[in-house]
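**Q** First the structure, then my questions, so here it is.
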Amino acid sequence: MQGFFHGISFRLAKLGVIIALLIGLLMSAIQIYMDFQVQSEEVNNQIASITDMSTPPAARAIHTLDNMLANEVAEGIMVNDFIVAVTIEDELGNEIAQSKRIPRESGTIWVTRRISEHLKTFSSPLYIPDHDKNDDHGIIRFEVDMDAAFSGFYKQSSVVIIIGLIRSFVIVSILFIVFHYLLTKPLIRIAGQIKDINPGSPGEQRLSLPTHTRDDELKQLVNSGNQLLDAVDLALAKRRAVEVVLRKSEEHVRQIIDSLPVWVGARNKDGHYIFANKALADFLQTSPEAMRGSHVGDFSAFFLTNPAEVTNLDSEVIKSRISAQIWEEKWMGADGTEHSMHTHVMPMEFYDEIVALVVSSDITELKSAQAQMEHMAYHDALTDLPNRSYLVERLEEEIRKSARHDYYGALLFIDLDQFKYINDSLGHPAGDGVLKHVAQRLMAITSDHDVVVRLGGDEFVVVLTDLGEELSNALLRAEEIGERIRAYVSEPHFYNDLELHVTCSVGIVIYPEDDAGVHELLRYADTAMYQVKEQGRDAIQFFNKYMADKARNVLVMEGELHRALETDAFSLHYQPRVDVHTGKIVGAEALMRWNHPTRGMVPPVEFIPILETSGLIVQVGMWVLQRSLRQVKEWQRMGLWSSDMRLGVNISPRQFRSSKFVDDVIDVLDSEEFSAEMLEMEITEGIVIHNLEETISTMATLQRQGINFALDDFGTGYSSISYLKQLPVAILKIDQSFVRDITEDRNDRVLVETISAMGNMLELEVVAEGVETIAQLDLVRQYGCSYYQGYLASRPVAPNAFELLLEKRIISVTAET
């Protein structure tokens, strides 16, 4: 029944009823309106007729004052059932006759009140015959019940409406029957046939009509439907064939992907696997089916990358549609072995979404083979030391670095003396054993920053990196290390209970050398080594050209230094040491200056090494000590120097190792009546590395006198940390080379912070040298340094200028100086 009320015939019938009713009502309304006009005219005519008939007798009754006649007239008018009241009055308004009755009750009164008045009054003047008609002699008035007057009209209108409704219903019923049999019933039949169609085989079902003679739109609909069913059936057949082919193709692709040795998987933007091949699933110890829907984080134990980084990369590839590569991705197997994977992440359309296709190739063996090949290409097969190829590349790099950072290095060319005799007498296995022992000894004696290379045969090269910014120190350190290498190599080598002795010849060249590349430096060092061979072997020799160029200048300057000492041409400048927190001057470092008669002020880096090598440094060092003590005594007398301040004096290695050093120092302190607690001797690592026990003994003797020791230029050598805990030092001075780039170089910041922390833990006073900017000062203060020296506070100045600083006592560093 519910389907019926939604059918086309019912909706058409409903629409027809509404239209028929509207039309019927409109026609009935027109008919009723016309009838109303006719009825109204009849009522008016009837009232006019009654008035014409009753006026003469009513006028006579007034004229003759015949009340009986007047009443008869009134009663005669009341005969009409639609008149409910009659009144006759004379000219003076006196009532001559009156008749009334109650209006009848009717169900149509509400209609009457909308189209007219229920009770309507009519009146007419009365004229006496043979009198002037302009004079009224009375009036007759009667009241009409319009509902009673229109009663016939109402009955006729009801009939019209009923007939119209019946006519409309008959028309709608006929239309409904016609629509049902001509349209609705065939459509219901077609709809039922369509409902019965098998979606899998639509061509098996046909649409039809009950009669085959009609040729209208329904017949066209049935024919078109049958054609559509045939087309859909054909399309489904083709699709099934394609699906079979695709299913077979997909299965083949799946088999191919599963048989690939690479890992293949697809992840959506949330990091969930859409699919994975067997190789990937096997590595993750699961199955491809189990991986579907699993999150990449579920396998975090197998790879060393943060899952968030993996999903972020997948999302970026999916969003940008641009492929990405991970050149080396680290994975961890279930057995703990590490795998290196080369991974491609590519965007791919997968049904209705874009996913990240991830293909990873295992390059673990390739990386291992590459590393092994690279190692073989750059290392000697016998000693496992780097070879000539490695040396060329590394030395080129070191030459550029030394030139860029303005420091010196050295290249040592080492050749074993008469090594051929061992090979000839004992065979190559014995010679190979000796070469391995030499390689081990060279590695043991050099630092991690240095390079040890076997060129071939019995030739070795040692590259010493960063020997400092001063050439003299670089020469000294290169000479010291060369001597240690020579002595260490000459120690006995044991082979099959045989004690073998081997010496070596060492040629040394300092770099960077003007216009000298790697091969030139090797040639220079090789030349120096052969000069050692010519002079008897088992020695070291610097490159002759370099030594010849410098020897003349050294000899000239050495003579000038002798004259300068004799003529008192040396002077002392002082640089303040400042508290990093208060800015208070807590001491000074005495620095020697030489004002040459023709060259002017000669930098200390030029003449100090010559003083050291010539032996003048012992005499000059005592002069510096004595002159600086006198100056401090003078400042103390002036009230500028307090007893808690310290004077720093540099002590050279040769001066420190002098047999009379301790006695000379004590004599100077006594003669100048100087408090030993105000004296601070600054020593370098060059002093420490020679005979540690003797060095500690000398320092302990002077420390008992009250003298403090500072380890200067800390961090530039290779032995500082191992010796620091044994040395009786109280002050640790961080070399300016670490402070210079502390604001830009992270490595320097780490070194300064580490050295400062180590010094503080050892309860040492830490001094930062070379502070030139407020930013550097802020960092060394942050890292725990107690004091600083440098251009930020003041350059080394003459005594009179230093007095002005002492008078202020506080160094202001609100602006960089």
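Lettering and numbering for the structure tokens are positional, with chains as A, B, ... in the shown order, residues counted from 1 in each chain, and ligands counted from 1 in the shown order.
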Tell me, as an MDAnalysis selection string, which residues lie within 6 Å of Ile140 in chain A, counting only C-alpha atoms; anything in the same chain fewer than 5 positions away does not count.

**A** chainID A and resid 87:88 123:124

**Q** Which residues, written as a CSV table (one decimal) with C-alpha atoms, in the first residue's frame, have at least one atom at most 12 Å from Leu521 in chain A, with only C-alpha atoms counted and residues fewer than 5 positions away on the same chain left out?

**A**
chain,number,residue,atom,x,y,z
A,391,LEU,CA,101.1,10.8,2.2
A,392,VAL,CA,100.7,13.0,-0.9
A,395,LEU,CA,100.6,16.4,3.3
A,396,GLU,CA,98.9,18.7,0.7
A,399,ILE,CA,100.5,22.4,4.0
A,409,GLY,CA,105.1,21.5,10.8
A,410,ALA,CA,107.9,19.2,9.9
A,411,LEU,CA,108.5,16.3,7.5
A,412,LEU,CA,111.0,13.7,8.7
A,413,PHE,CA,112.5,11.3,6.1
A,461,VAL,CA,108.2,9.4,6.6
A,463,VAL,CA,104.8,14.3,9.3
A,507,GLY,CA,116.4,14.2,7.2
A,508,ILE,CA,114.1,17.0,8.4
A,509,VAL,CA,112.4,19.9,6.5
A,510,ILE,CA,110.1,22.5,8.0
A,511,TYR,CA,106.9,23.5,6.2
A,512,PRO,CA,105.4,25.6,4.9
A,513,GLU,CA,108.4,26.3,2.6
A,514,ASP,CA,108.3,29.0,0.0
A,515,ASP,CA,106.9,27.6,-3.3
A,516,ALA,CA,107.5,24.1,-2.0
A,526,ASP,CA,115.5,13.1,1.2
A,527,THR,CA,118.4,15.3,0.4
A,528,ALA,CA,118.9,16.1,4.1
A,542,PHE,CA,117.7,19.7,8.6
A,543,PHE,CA,117.5,20.5,5.0
A,545,LYS,CA,119.2,25.0,2.0
A,546,TYR,CA,117.0,26.0,4.8

**Q** Mind pulling up the distance from CA of Arg114 in chain A to CA of Ala85 in chain A?

**A**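 CA of Ala85 in chain A sits 22.4 Å away from CA of Arg114 in chain A.
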
**Q** Find the residues around Ile585 in chain A up to 8 Å (only C-alpha atoms counted), leave out those fewer than 2 positions away in its own chain, and share them as a list in words.

**A**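 Counting only C-alpha atoms, the residues come to Pro576, Arg577, Val578, Asp579, Gly583, Gly587, Ala588, Leu806, Arg809, Ile810 and Ile811 of chain A.
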
**Q** Filtering to all heavy atoms, could you give me those residues as a PDB file, in the first residue's frame?

**A**
ATOM      1  N   PRO A 576      99.492  43.279  32.051  1.00  0.00           N
ATOM      2  CA  PRO A 576      98.750  42.960  33.288  1.00  0.00           C
ATOM      3  C   PRO A 576      98.001  41.634  33.189  1.00  0.00           C
ATOM      4  O   PRO A 576      97.572  41.220  32.115  1.00  0.00           O
ATOM      5  CB  PRO A 576      97.757  44.124  33.402  1.00  0.00           C
ATOM      6  CG  PRO A 576      97.537  44.577  31.999  1.00  0.00           C
ATOM      7  CD  PRO A 576      98.855  44.388  31.309  1.00  0.00           C
ATOM      8  N   ARG A 577      97.862  41.012  34.354  1.00  0.00           N
ATOM      9  CA  ARG A 577      96.973  39.863  34.501  1.00  0.00           C
ATOM     10  C   ARG A 577      95.775  40.365  35.298  1.00  0.00           C
ATOM     11  O   ARG A 577      95.936  40.976  36.354  1.00  0.00           O
ATOM     12  CB  ARG A 577      97.656  38.715  35.220  1.00  0.00           C
ATOM     13  CG  ARG A 577      96.740  37.483  35.410  1.00  0.00           C
ATOM     14  CD  ARG A 577      97.404  36.384  36.213  1.00  0.00           C
ATOM     15  NE  ARG A 577      98.607  35.892  35.532  1.00  0.00           N
ATOM     16  CZ  ARG A 577      99.438  35.019  36.074  1.00  0.00           C
ATOM     17  NH1 ARG A 577      99.225  34.552  37.297  1.00  0.00           N
ATOM     18  NH2 ARG A 577     100.498  34.612  35.410  1.00  0.00           N
ATOM     19  N   VAL A 578      94.541  40.078  34.783  1.00  0.00           N
ATOM     20  CA  VAL A 578      93.335  40.707  35.316  1.00  0.00           C
ATOM     21  C   VAL A 578      92.352  39.637  35.783  1.00  0.00           C
ATOM     22  O   VAL A 578      92.211  38.578  35.151  1.00  0.00           O
ATOM     23  CB  VAL A 578      92.666  41.600  34.237  1.00  0.00           C
ATOM     24  CG1 VAL A 578      91.450  42.324  34.814  1.00  0.00           C
ATOM     25  CG2 VAL A 578      93.665  42.600  33.684  1.00  0.00           C
ATOM     26  N   ASP A 579      91.691  39.940  36.905  1.00  0.00           N
ATOM     27  CA  ASP A 579      90.628  39.069  37.408  1.00  0.00           C
ATOM     28  C   ASP A 579      89.421  39.181  36.475  1.00  0.00           C
ATOM     29  O   ASP A 579      88.948  40.277  36.172  1.00  0.00           O
ATOM     30  CB  ASP A 579      90.228  39.493  38.829  1.00  0.00           C
ATOM     31  CG  ASP A 579      89.298  38.482  39.483  1.00  0.00           C
ATOM     32  OD1 ASP A 579      88.211  38.217  38.929  1.00  0.00           O
ATOM     33  OD2 ASP A 579      89.644  37.974  40.549  1.00  0.00           O
ATOM     34  N   GLY A 583      87.795  42.692  37.273  1.00  0.00           N
ATOM     35  CA  GLY A 583      88.588  43.595  36.450  1.00  0.00           C
ATOM     36  C   GLY A 583      89.816  44.130  37.175  1.00  0.00           C
ATOM     37  O   GLY A 583      90.529  44.996  36.646  1.00  0.00           O
ATOM     38  N   GLY A 587      98.420  41.000  38.856  1.00  0.00           N
ATOM     39  CA  GLY A 587      99.829  40.722  38.618  1.00  0.00           C
ATOM     40  C   GLY A 587     100.229  41.168  37.234  1.00  0.00           C
ATOM     41  O   GLY A 587      99.468  41.842  36.514  1.00  0.00           O
ATOM     42  N   ALA A 588     101.450  40.791  36.828  1.00  0.00           N
ATOM     43  CA  ALA A 588     101.965  41.177  35.524  1.00  0.00           C
ATOM     44  C   ALA A 588     102.950  40.132  35.036  1.00  0.00           C
ATOM     45  O   ALA A 588     103.531  39.386  35.823  1.00  0.00           O
ATOM     46  CB  ALA A 588     102.629  42.549  35.589  1.00  0.00           C
ATOM     47  N   LEU A 806      98.472  50.566  37.032  1.00  0.00           N
ATOM     48  CA  LEU A 806      98.448  50.183  38.444  1.00  0.00           C
ATOM     49  C   LEU A 806      97.737  51.233  39.289  1.00  0.00           C
ATOM     50  O   LEU A 806      97.111  50.902  40.308  1.00  0.00           O
ATOM     51  CB  LEU A 806      99.878  49.974  38.944  1.00  0.00           C
ATOM     52  CG  LEU A 806     100.611  48.740  38.403  1.00  0.00           C
ATOM     53  CD1 LEU A 806     102.046  48.723  38.901  1.00  0.00           C
ATOM     54  CD2 LEU A 806      99.887  47.466  38.818  1.00  0.00           C
ATOM     55  N   ARG A 809      94.162  50.480  38.833  1.00  0.00           N
ATOM     56  CA  ARG A 809      93.994  49.173  39.514  1.00  0.00           C
ATOM     57  C   ARG A 809      92.857  48.309  38.916  1.00  0.00           C
ATOM     58  O   ARG A 809      92.900  47.099  38.980  1.00  0.00           O
ATOM     59  CB  ARG A 809      93.729  49.380  41.017  1.00  0.00           C
ATOM     60  CG  ARG A 809      94.021  48.142  41.861  1.00  0.00           C
ATOM     61  CD  ARG A 809      95.490  47.772  41.782  1.00  0.00           C
ATOM     62  NE  ARG A 809      95.795  46.513  42.384  1.00  0.00           N
ATOM     63  CZ  ARG A 809      96.059  46.345  43.708  1.00  0.00           C
ATOM     64  NH1 ARG A 809      96.044  47.400  44.502  1.00  0.00           N
ATOM     65  NH2 ARG A 809      96.330  45.151  44.184  1.00  0.00           N
ATOM     66  N   ILE A 810      91.868  48.974  38.314  1.00  0.00           N
ATOM     67  CA  ILE A 810      90.743  48.261  37.706  1.00  0.00           C
ATOM     68  C   ILE A 810      90.779  48.486  36.200  1.00  0.00           C
ATOM     69  O   ILE A 810      90.865  49.627  35.745  1.00  0.00           O
ATOM     70  CB  ILE A 810      89.384  48.739  38.273  1.00  0.00           C
ATOM     71  CG1 ILE A 810      89.326  48.523  39.779  1.00  0.00           C
ATOM     72  CG2 ILE A 810      88.239  47.988  37.574  1.00  0.00           C
ATOM     73  CD1 ILE A 810      89.396  47.074  40.212  1.00  0.00           C
ATOM     74  N   ILE A 811      90.731  47.407  35.452  1.00  0.00           N
ATOM     75  CA  ILE A 811      90.724  47.499  33.989  1.00  0.00           C
ATOM     76  C   ILE A 811      89.265  47.525  33.530  1.00  0.00           C
ATOM     77  O   ILE A 811      88.486  46.594  33.787  1.00  0.00           O
ATOM     78  CB  ILE A 811      91.444  46.304  33.351  1.00  0.00           C
ATOM     79  CG1 ILE A 811      92.922  46.295  33.772  1.00  0.00           C
ATOM     80  CG2 ILE A 811      91.325  46.358  31.821  1.00  0.00           C
ATOM     81  CD1 ILE A 811      93.725  47.462  33.271  1.00  0.00           C
TER      82      ILE A 811
END

**Q** Contacts of range 615-619 of chain A at 9 Å or less, counting only C-alpha atoms, minus same-chain residues fewer than 4 places along, as number ranges by chain?

**A** A: 558, 561-562, 565, 608-611, 623-624, 652, 654-656, 658, 661

**Q** Can you work out the spacing between CA of Ala525 in chain A and CA of Leu476 in chain A in Å, to one decimal?

**A**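 That distance, rounded to one decimal, is 16.7 Å.
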
**Q** Please list as a VMD selection string every residue within 8 Å of Glu479 in chain A, counting only C-alpha atoms and excluding residues in the same chain fewer than 4 positions away.

**A** chain A and resid 475 483 540

**Q** Once DSSP has gone over the backbone, tell me which residues of range 648-811 of chain A are in strand (DSSP E or B), as a list of chain:residue names.

**A**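 In range 648-811 of chain A, DSSP puts these residues in strand (DSSP E or B): A:Gly648, A:Val649, A:Asn650, A:Leu679, A:Glu680, A:Met681, A:Glu682, A:Ile683, A:Asn708, A:Phe709, A:Ala710, A:Leu711, A:Asp712, A:Asp713, A:Phe714, A:Ile731, A:Leu732, A:Lys733, A:Ile734, A:Glu765, A:Val766, A:Val767, A:Ala768, A:Tyr787, A:Tyr788, A:Val797, A:Ile810.
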
**Q** Let's see if you can do this: from backbone DSSP, list all helix (DSSP H, G or I) residues in range 107-336 of chain A, as a VMD selection string.

**A** chain A and resid 109 to 115 146 to 149 151 to 195 202 to 204 217 to 259 278 to 283 288 to 291 296 to 299 307 to 320

**Q** Can you tell me, as a PyMOL selection string, what residues are no more than 12 Å from range 259-265 of chain A when counting only C-alpha atoms, ignoring any on the same chain fewer than 4 positions away?

**A** chain A and resi 252-255+271-284+288-289+291-294+296+314+341-348+355-363
